[in-house]
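Heads up, input-v3.cif below (mmCIF, C-alpha atoms):
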data_structure
#
loop_
_atom_site.label_atom_id
_atom_site.label_comp_id
_atom_site.auth_asym_id
_atom_site.auth_seq_id
_atom_site.Cartn_x
_atom_site.Cartn_y
_atom_site.Cartn_z
CA MET R 8 0.00 0.00 0.00
CA ASP R 9 3.00 2.30 0.42
CA ASN R 10 4.37 2.04 -3.13
CA TRP R 11 2.52 5.12 -4.33
CA GLY R 12 3.92 8.62 -4.46
CA TYR R 13 3.99 11.78 -6.55
CA ALA R 14 6.62 10.93 -9.16
CA ASP R 15 5.78 10.05 -12.76
CA HIS R 16 6.06 6.29 -12.19
CA ASN R 17 3.90 6.13 -9.04
CA GLY R 18 2.01 9.44 -8.95
CA PRO R 19 -1.64 10.47 -9.32
CA GLU R 20 -1.75 9.71 -13.05
CA VAL R 21 -1.23 5.99 -12.38
CA TRP R 22 -2.95 5.61 -9.00
CA HIS R 23 -5.98 4.06 -10.71
CA GLU R 24 -3.84 1.04 -11.63
CA MET R 25 -3.42 0.16 -7.94
CA PHE R 26 -6.46 1.89 -6.47
CA PRO R 27 -9.62 1.59 -8.62
CA LEU R 28 -11.44 4.19 -6.52
CA ALA R 29 -9.24 6.81 -8.19
CA THR R 30 -11.87 6.99 -10.94
CA GLY R 31 -14.82 6.90 -8.52
CA GLU R 32 -17.90 9.09 -8.40
CA ARG R 33 -16.91 11.36 -5.50
CA GLN R 34 -13.18 11.92 -5.72
CA SER R 35 -11.26 14.88 -4.29
CA PRO R 36 -9.92 17.49 -4.64
CA ILE R 37 -12.07 19.57 -7.00
CA ASP R 38 -11.98 22.96 -8.66
CA ILE R 39 -14.63 25.00 -6.83
CA ILE R 40 -16.50 27.09 -9.41
CA THR R 41 -17.93 29.86 -7.29
CA ASN R 42 -20.84 30.87 -9.51
CA ALA R 43 -21.97 27.24 -9.70
CA ALA R 44 -22.00 26.77 -5.91
CA THR R 45 -25.42 26.93 -4.27
CA TYR R 46 -25.86 29.32 -1.37
CA ASP R 47 -27.38 27.42 1.55
CA PRO R 48 -28.58 29.79 4.32
CA SER R 49 -29.21 26.81 6.62
CA LEU R 50 -25.47 26.14 7.01
CA PRO R 51 -24.31 27.34 10.45
CA PRO R 52 -20.72 28.46 11.11
CA ILE R 53 -18.09 25.85 11.79
CA ASN R 54 -17.45 25.44 15.51
CA VAL R 55 -14.15 23.92 16.63
CA ASP R 56 -13.45 22.98 20.22
CA TYR R 57 -9.88 21.71 20.43
CA ASP R 58 -7.98 20.80 23.58
CA PRO R 59 -4.22 21.38 23.13
CA SER R 60 -3.49 18.52 25.54
CA THR R 61 -4.62 16.06 22.86
CA ALA R 62 -1.61 16.80 20.62
CA LYS R 63 0.85 13.95 20.90
CA ALA R 64 3.29 13.55 17.99
CA ILE R 65 4.60 14.93 14.72
CA LEU R 66 5.72 12.46 12.06
CA ASN R 67 7.04 12.12 8.52
CA SER R 68 5.05 9.56 6.51
CA GLY R 69 7.17 9.91 3.38
CA HIS R 70 4.23 11.60 1.65
CA THR R 71 3.66 14.54 4.00
CA PHE R 72 4.16 15.38 7.65
CA SER R 73 1.36 15.30 10.17
CA VAL R 74 0.56 16.27 13.72
CA GLU R 75 -1.32 13.42 15.42
CA PHE R 76 -3.87 13.84 18.20
CA ASP R 77 -5.28 11.59 20.90
CA ASP R 78 -8.74 10.72 19.62
CA GLU R 79 -9.91 8.29 22.28
CA HIS R 80 -12.26 10.86 23.80
CA ASP R 81 -14.33 13.86 22.68
CA LYS R 82 -11.82 16.39 23.94
CA SER R 83 -11.18 17.91 20.49
CA VAL R 84 -14.10 18.09 18.07
CA VAL R 85 -15.66 20.05 15.21
CA ARG R 86 -19.36 20.74 14.81
CA GLY R 87 -21.63 22.86 12.64
CA GLY R 88 -21.68 23.53 8.93
CA PRO R 89 -22.96 20.48 7.05
CA LEU R 90 -22.14 18.09 9.90
CA HIS R 91 -24.65 16.11 11.91
CA GLY R 92 -23.24 15.88 15.40
CA SER R 93 -19.58 16.21 16.37
CA TYR R 94 -16.52 14.76 14.66
CA ARG R 95 -13.37 13.97 16.63
CA LEU R 96 -9.97 15.46 15.70
CA ARG R 97 -7.48 12.90 14.37
CA GLN R 98 -4.62 14.77 12.66
CA ILE R 99 -3.51 17.73 10.60
CA HIS R 100 -1.29 17.62 7.53
CA PHE R 101 -0.24 19.77 4.59
CA HIS R 102 0.02 19.57 0.80
CA TRP R 103 2.33 21.77 -1.28
CA GLY R 104 4.08 22.15 -4.61
CA SER R 105 7.62 22.42 -5.92
CA CYS R 106 7.39 26.22 -6.13
CA ASP R 107 5.42 29.03 -4.51
CA GLU R 108 2.98 29.38 -7.44
CA TYR R 109 0.96 26.21 -6.81
CA GLY R 110 0.60 23.30 -4.41
CA SER R 111 -2.92 23.42 -3.03
CA GLU R 112 -5.16 20.48 -3.83
CA HIS R 113 -8.46 22.32 -4.19
CA LYS R 114 -8.71 25.25 -6.56
CA VAL R 115 -11.15 28.18 -6.66
CA ASP R 116 -12.24 29.19 -10.17
CA GLY R 117 -9.07 27.60 -11.48
CA LYS R 118 -6.82 29.45 -9.05
CA ASN R 119 -4.04 27.59 -7.28
CA TYR R 120 -2.78 28.45 -3.82
CA PRO R 121 0.79 27.61 -2.76
CA ALA R 122 -0.29 25.04 -0.16
CA GLU R 123 -3.27 23.59 1.68
CA LEU R 124 -3.81 22.50 5.27
CA HIS R 125 -6.12 19.58 6.04
CA ILE R 126 -7.58 19.11 9.51
CA VAL R 127 -8.96 15.58 9.67
CA HIS R 128 -11.82 14.44 11.94
CA TRP R 129 -13.88 11.26 12.17
CA ASN R 130 -17.45 10.47 13.11
CA ALA R 131 -17.05 8.98 16.59
CA GLU R 132 -20.76 9.34 17.32
CA LYS R 133 -21.61 6.67 14.74
CA TYR R 134 -18.45 4.59 14.42
CA SER R 135 -16.16 2.86 16.87
CA SER R 136 -12.82 3.77 15.32
CA PHE R 137 -11.15 5.87 12.66
CA VAL R 138 -10.44 2.70 10.68
CA GLU R 139 -14.14 1.83 10.61
CA ALA R 140 -15.11 5.41 9.72
CA VAL R 141 -13.02 5.57 6.53
CA TYR R 142 -15.23 2.88 4.99
CA LYS R 143 -18.42 4.92 5.58
CA PRO R 144 -19.77 7.71 3.36
CA ASP R 145 -20.13 10.05 6.35
CA GLY R 146 -17.06 8.77 8.19
CA LEU R 147 -14.72 11.76 7.97
CA ALA R 148 -14.94 15.54 8.03
CA VAL R 149 -11.95 17.48 6.73
CA LEU R 150 -11.40 21.21 6.99
CA GLY R 151 -9.40 22.50 4.03
CA ILE R 152 -7.54 25.77 4.53
CA PHE R 153 -5.62 27.52 1.74
CA LEU R 154 -2.19 29.03 2.42
CA LYS R 155 -0.98 32.13 0.58
CA ILE R 156 2.53 33.56 0.45
CA GLU R 157 2.54 36.62 2.62
CA LYS R 158 4.00 37.39 6.01
CA HIS R 159 5.65 34.95 8.37
CA ASN R 160 3.00 32.97 10.25
CA LYS R 161 3.98 32.87 13.92
CA ASN R 162 1.47 30.10 14.60
CA LEU R 163 3.26 27.82 12.13
CA LYS R 164 6.62 28.42 13.77
CA ILE R 165 6.17 25.70 16.39
CA ILE R 166 5.56 23.24 13.54
CA THR R 167 8.44 24.31 11.31
CA ASN R 168 10.78 24.28 14.32
CA ALA R 169 9.89 20.61 14.86
CA LEU R 170 10.65 19.52 11.29
CA ASP R 171 14.37 19.06 12.00
CA ASP R 172 13.44 16.12 14.23
CA ILE R 173 11.52 14.33 11.45
CA SER R 174 13.66 15.01 8.38
CA PHE R 175 13.42 11.45 7.09
CA LYS R 176 10.51 9.14 6.37
CA ASP R 177 9.19 7.18 9.38
CA LYS R 178 10.72 9.63 11.86
CA GLN R 179 8.47 10.93 14.59
CA SER R 180 8.85 13.14 17.62
CA SER R 181 6.77 14.10 20.62
CA PHE R 182 4.64 17.17 19.89
CA ARG R 183 2.63 18.47 22.82
CA ASN R 184 0.41 21.35 23.84
CA PHE R 185 -0.69 22.48 20.40
CA ASN R 186 -4.11 23.84 19.46
CA PRO R 187 -4.68 23.78 15.69
CA SER R 188 -7.44 26.37 15.98
CA CYS R 189 -4.61 28.95 15.98
CA LEU R 190 -4.22 28.15 12.27
CA LEU R 191 -7.86 28.77 11.39
CA PRO R 192 -9.17 31.88 9.65
CA ASN R 193 -12.82 32.97 9.65
CA CYS R 194 -14.95 29.80 9.77
CA LYS R 195 -18.24 31.40 8.73
CA GLU R 196 -17.57 31.38 5.00
CA PHE R 197 -16.92 28.00 3.39
CA TRP R 198 -17.82 25.62 0.60
CA THR R 199 -18.88 22.05 1.31
CA TYR R 200 -19.31 18.92 -0.80
CA GLN R 201 -19.09 15.13 -0.56
CA GLY R 202 -15.72 13.75 -1.58
CA SER R 203 -12.81 11.49 -0.75
CA ILE R 204 -9.49 11.45 0.97
CA THR R 205 -6.89 12.71 -1.51
CA VAL R 206 -4.27 10.01 -1.00
CA PRO R 207 -4.51 6.27 -1.66
CA PRO R 208 -6.60 4.26 -1.07
CA LEU R 209 -8.82 7.30 -1.86
CA PHE R 210 -11.81 6.21 0.22
CA GLU R 211 -14.99 8.17 -0.59
CA CYS R 212 -15.81 9.01 3.00
CA VAL R 213 -15.22 12.74 3.41
CA THR R 214 -17.54 15.65 4.02
CA TRP R 215 -15.29 18.45 2.80
CA ILE R 216 -15.44 21.92 4.34
CA VAL R 217 -13.16 24.26 2.39
CA LEU R 218 -12.75 27.64 4.02
CA LYS R 219 -12.90 30.68 1.77
CA GLU R 220 -10.34 32.78 3.64
CA PRO R 221 -6.69 31.69 3.32
CA ILE R 222 -4.02 31.96 5.98
CA SER R 223 -0.51 33.31 5.47
CA ILE R 224 2.81 31.52 5.22
CA SER R 225 6.18 32.96 4.27
CA SER R 226 8.17 31.62 1.35
CA GLY R 227 10.86 30.57 3.81
CA GLN R 228 8.42 28.61 5.94
CA LEU R 229 7.04 26.82 2.89
CA SER R 230 10.53 25.92 1.74
CA ARG R 231 11.01 24.14 5.08
CA PHE R 232 8.21 21.75 4.07
CA ARG R 233 10.13 20.91 0.88
CA SER R 234 13.32 20.23 2.87
CA LEU R 235 11.83 17.02 4.28
CA PHE R 236 12.85 13.69 2.76
CA SER R 237 10.47 11.09 1.35
CA THR R 238 13.13 8.43 1.93
CA THR R 239 14.36 6.85 5.14
CA GLU R 240 17.85 7.22 6.54
CA THR R 241 18.49 3.52 5.91
CA ASP R 242 17.07 3.16 2.38
CA GLY R 243 20.58 2.87 0.98
CA ILE R 244 19.68 5.23 -1.85
CA GLU R 245 20.28 8.92 -2.39
CA PRO R 246 17.88 10.94 -0.21
CA CYS R 247 14.88 12.30 -2.10
CA TYR R 248 13.27 15.57 -1.11
CA MET R 249 9.50 15.85 -0.60
CA GLU R 250 9.22 18.63 -3.16
CA THR R 251 5.56 18.18 -4.05
CA ASN R 252 2.63 16.17 -2.70
CA HIS R 253 -0.65 17.42 -4.14
CA ARG R 254 -3.21 15.56 -6.22
CA PRO R 255 -4.72 17.27 -9.28
CA THR R 256 -8.39 18.22 -9.21
CA GLN R 257 -10.94 15.54 -10.09
CA PRO R 258 -14.22 15.62 -12.08
CA LEU R 259 -17.25 16.79 -10.13
CA LYS R 260 -19.49 14.14 -11.74
CA GLY R 261 -22.77 15.81 -10.89
CA ARG R 262 -22.03 16.56 -7.25
CA LYS R 263 -23.37 19.74 -5.69
CA VAL R 264 -21.16 22.29 -3.97
CA ARG R 265 -22.89 24.37 -1.32
CA ALA R 266 -21.70 27.71 0.03
CA SER R 267 -22.42 29.27 3.41
CA PHE R 268 -22.26 32.77 1.90
CA PHE R 269 -23.50 34.73 -1.12
#

As a first step, turn the structure in this file into structure tokens.
Amino acid sequence: MDNWGYADHNGPEVWHEMFPLATGERQSPIDIITNAATYDPSLPPINVDYDPSTAKAILNSGHTFSVEFDDEHDKSVVRGGPLHGSYRLRQIHFHWGSCDEYGSEHKVDGKNYPAELHIVHWNAEKYSSFVEAVYKPDGLAVLGIFLKIEKHNKNLKIITNALDDISFKDKQSSFRNFNPSCLLPNCKEFWTYQGSITVPPLFECVTWIVLKEPISISSGQLSRFRSLFSTTETDGIEPCYMETNHRPTQPLKGRKVRASFF
């Protein structure tokens, strides 16, 4: 399951050969066409309630880096928007490109952002574990937040400072007392649709909530993401940088995108 990546020989263009869901009916990401999105006045604002004590580790998967959270209890949850009930925080991770011009997974009217943050939650009210939830159509809820090149983001500094400890694939380090709500912009304006996780095996289990307002990152901070390696220290091959890790947009195939704003 780990032989996929973002190079020509194992990247998104050939994922369908190993993972048939790649050509499924509700794949992500998508290009959000704003004038085709339906305003839904019944959508309430997104409400996050995160406990920083649930942060536990930061790790390099070889495909991205993630901050992992203790999800055994309802200490950190998201509610509101299109969600029925609360979804429990599992992890956050990022996607980026090989340069500052593109790297986000979702687009807005064809526009790329340099990077995208995903905050992943699962439906613990209905399912007994994250593993069970990924097989269910309403199993996950993911907040997507665009990053734009602007000023240095002080709230990202604690993350970029920790990257030296996880330079190589499979490295992980303790990461405590972190509240990801510090990375969130305005949560009142968002688009939502039914989609999938954006990495293999591409399960179609995600209620996507893509926030309209981006957050800032400096070019230097983003370059730190690209300094990570997708190879282990003991691979016996030349280290390979994690220069890019975003999937291209997928066909909408008749799905509806709703907006919480005009």

Give as a PyMOL selection string the residues that the PyMOL selection byres ((chain R and resi 90-94) around 8) matches when applied to the coordinates above. chain R and resi 84-89+95-96+128-132+147-148+214

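Between Pro187 in chain R and the residues R:Cys212, R:Val74, R:Ala14, R:Ile53, the shortest atom-to-atom distance, using all atoms listed in the file, involves R:Val74.
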
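Proximity to Tyr142 in chain R was assessed for R:Asn160, R:Gln98, R:Ser111, R:Ser203 counting all atoms listed in the file; the smallest distance is recorded for R:Ser203.
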
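Residues captured in this structure file are Ala62, Lys63, Ala64, Ile65, Val74, Glu75, Ile166, Ala169, Ser180, Ser181, Arg183, Asn184 and Phe185 of chain R, according to the PyMOL selection byres ((chain R and resi 182) around 9).
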
Residues within 9 Å of range 42-51 of chain R, please, as a VMD selection string. Count only C-alpha atoms; anything in the same chain fewer than 4 positions from it doesn't count. chain R and resid 87 to 89 116 195 198 263 to 269

Just C-alpha atoms for this one: save the residues we selected as a PDB file, in the coordinates of the input.
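Result file selection.pdb:
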ATOM      1  CA  GLY R  87     -21.630  22.860  12.640  1.00  0.00           C
ATOM      2  CA  GLY R  88     -21.680  23.530   8.930  1.00  0.00           C
ATOM      3  CA  PRO R  89     -22.960  20.480   7.050  1.00  0.00           C
ATOM      4  CA  ASP R 116     -12.240  29.190 -10.170  1.00  0.00           C
ATOM      5  CA  LYS R 195     -18.240  31.400   8.730  1.00  0.00           C
ATOM      6  CA  TRP R 198     -17.820  25.620   0.600  1.00  0.00           C
ATOM      7  CA  LYS R 263     -23.370  19.740  -5.690  1.00  0.00           C
ATOM      8  CA  VAL R 264     -21.160  22.290  -3.970  1.00  0.00           C
ATOM      9  CA  ARG R 265     -22.890  24.370  -1.320  1.00  0.00           C
ATOM     10  CA  ALA R 266     -21.700  27.710   0.030  1.00  0.00           C
ATOM     11  CA  SER R 267     -22.420  29.270   3.410  1.00  0.00           C
ATOM     12  CA  PHE R 268     -22.260  32.770   1.900  1.00  0.00           C
ATOM     13  CA  PHE R 269     -23.500  34.730  -1.120  1.00  0.00           C
TER      14      PHE R 269
END

So that I can see what lies close to Leu235 in chain R, please list as a ChimeraX atom specification the residues with an atom at most 7 Å from it, counting all atoms listed in the file and leaving out residues fewer than 6 positions away in the same chain. /R:174-175,248-249

Preceding selection exported with C-alpha atoms as a PDB file, in the frame of the given file:
ATOM      1  CA  SER R 174      13.660  15.010   8.380  1.00  0.00           C
ATOM      2  CA  PHE R 175      13.420  11.450   7.090  1.00  0.00           C
ATOM      3  CA  TYR R 248      13.270  15.570  -1.110  1.00  0.00           C
ATOM      4  CA  MET R 249       9.500  15.850  -0.600  1.00  0.00           C
TER       5      MET R 249
END

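For the choices R:Ala29, R:Val115, R:Val141, R:Ile152, the atom-to-atom distance to Pro221 in chain R is smallest for R:Ile152 when using only C-alpha atoms.
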
Output of the PyMOL selection byres ((chain R and resi 100) around 9), listed as an mmCIF file with C-alpha atoms, in the frame of the given file:
data_model
loop_
_atom_site.group_PDB
_atom_site.id
_atom_site.type_symbol
_atom_site.label_atom_id
_atom_site.label_comp_id
_atom_site.auth_asym_id
_atom_site.auth_seq_id
_atom_site.Cartn_x
_atom_site.Cartn_y
_atom_site.Cartn_z
ATOM 1 C CA THR R 71 3.660 14.540 4.000
ATOM 2 C CA PHE R 72 4.160 15.380 7.650
ATOM 3 C CA SER R 73 1.360 15.300 10.170
ATOM 4 C CA VAL R 74 0.560 16.270 13.720
ATOM 5 C CA GLU R 75 -1.320 13.420 15.420
ATOM 6 C CA GLN R 98 -4.620 14.770 12.660
ATOM 7 C CA ILE R 99 -3.510 17.730 10.600
ATOM 8 C CA PHE R 101 -0.240 19.770 4.590
ATOM 9 C CA HIS R 102 0.020 19.570 0.800
ATOM 10 C CA GLU R 123 -3.270 23.590 1.680
ATOM 11 C CA LEU R 124 -3.810 22.500 5.270
ATOM 12 C CA HIS R 125 -6.120 19.580 6.040
ATOM 13 C CA ILE R 126 -7.580 19.110 9.510
ATOM 14 C CA VAL R 127 -8.960 15.580 9.670
#

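Of note, CA of Asp107 in chain R and CA of Pro36 in chain R are spaced 19.2 Å apart.
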
Got a sec: who's within 10 Å of Leu163 in chain R, counting all atoms listed in the file, leaving out chain neighbours fewer than 2 positions off, as an NGL selection string? :R and (159-161 or 165-168 or 187 or 189-190 or 223-225 or 228)

Cut-off 12 Å around (-10.5, 7.5, -14.0) with only C-alpha atoms: residues as number ranges by chain: R: 19-34, 256-258, 260

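Among the candidate residues R:Leu170, R:Val217, R:Cys247, R:Val55, the one lying nearest to Tyr13 in chain R is R:Cys247, with distances computed using only C-alpha atoms.
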
Quick one: residues within 12 Å of (5.3, 19.7, -5.7) (file frame), counting all atoms listed in the file, please, as a ChimeraX atom specification. /R:12-15,18,70-71,101-112,121-123,229-230,232-234,248-255

Would you kindly return, as a VMD selection string, each protein, DNA or RNA residue with an atom no farther than 10 Å from any atom of Glu240 in chain R, considering only C-alpha atoms and excluding same-chain residues fewer than 3 positions away? chain R and resid 174 to 178 236 to 237 243 to 246

Would you export the selected residues with C-alpha atoms as a PDB file, keeping the file's coordinate frame, please?
ATOM      1  CA  SER R 174      13.660  15.010   8.380  1.00  0.00           C
ATOM      2  CA  PHE R 175      13.420  11.450   7.090  1.00  0.00           C
ATOM      3  CA  LYS R 176      10.510   9.140   6.370  1.00  0.00           C
ATOM      4  CA  ASP R 177       9.190   7.180   9.380  1.00  0.00           C
ATOM      5  CA  LYS R 178      10.720   9.630  11.860  1.00  0.00           C
ATOM      6  CA  PHE R 236      12.850  13.690   2.760  1.00  0.00           C
ATOM      7  CA  SER R 237      10.470  11.090   1.350  1.00  0.00           C
ATOM      8  CA  GLY R 243      20.580   2.870   0.980  1.00  0.00           C
ATOM      9  CA  ILE R 244      19.680   5.230  -1.850  1.00  0.00           C
ATOM     10  CA  GLU R 245      20.280   8.920  -2.390  1.00  0.00           C
ATOM     11  CA  PRO R 246      17.880  10.940  -0.210  1.00  0.00           C
TER      12      PRO R 246
END

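The gap separating CA of Val138 in chain R from CA of Leu218 in chain R is 25.9 Å, in Å to one decimal.
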
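Shortest atom-to-atom contact with Lys155 in chain R among R:His16, R:Lys143, R:Lys118, R:Arg262: R:Lys118, counting all atoms listed in the file.
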
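You can rank R:Phe137, R:Glu157, R:Ile216, R:Asn186 by their closest distance to Thr61 in chain R using all atoms listed in the file, and at the top of that list sits R:Asn186.
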
Mind giving me the straight-line distance from CA of Gln201 in chain R to CA of Glu139 in chain R in Å, one decimal? 18.1 Å
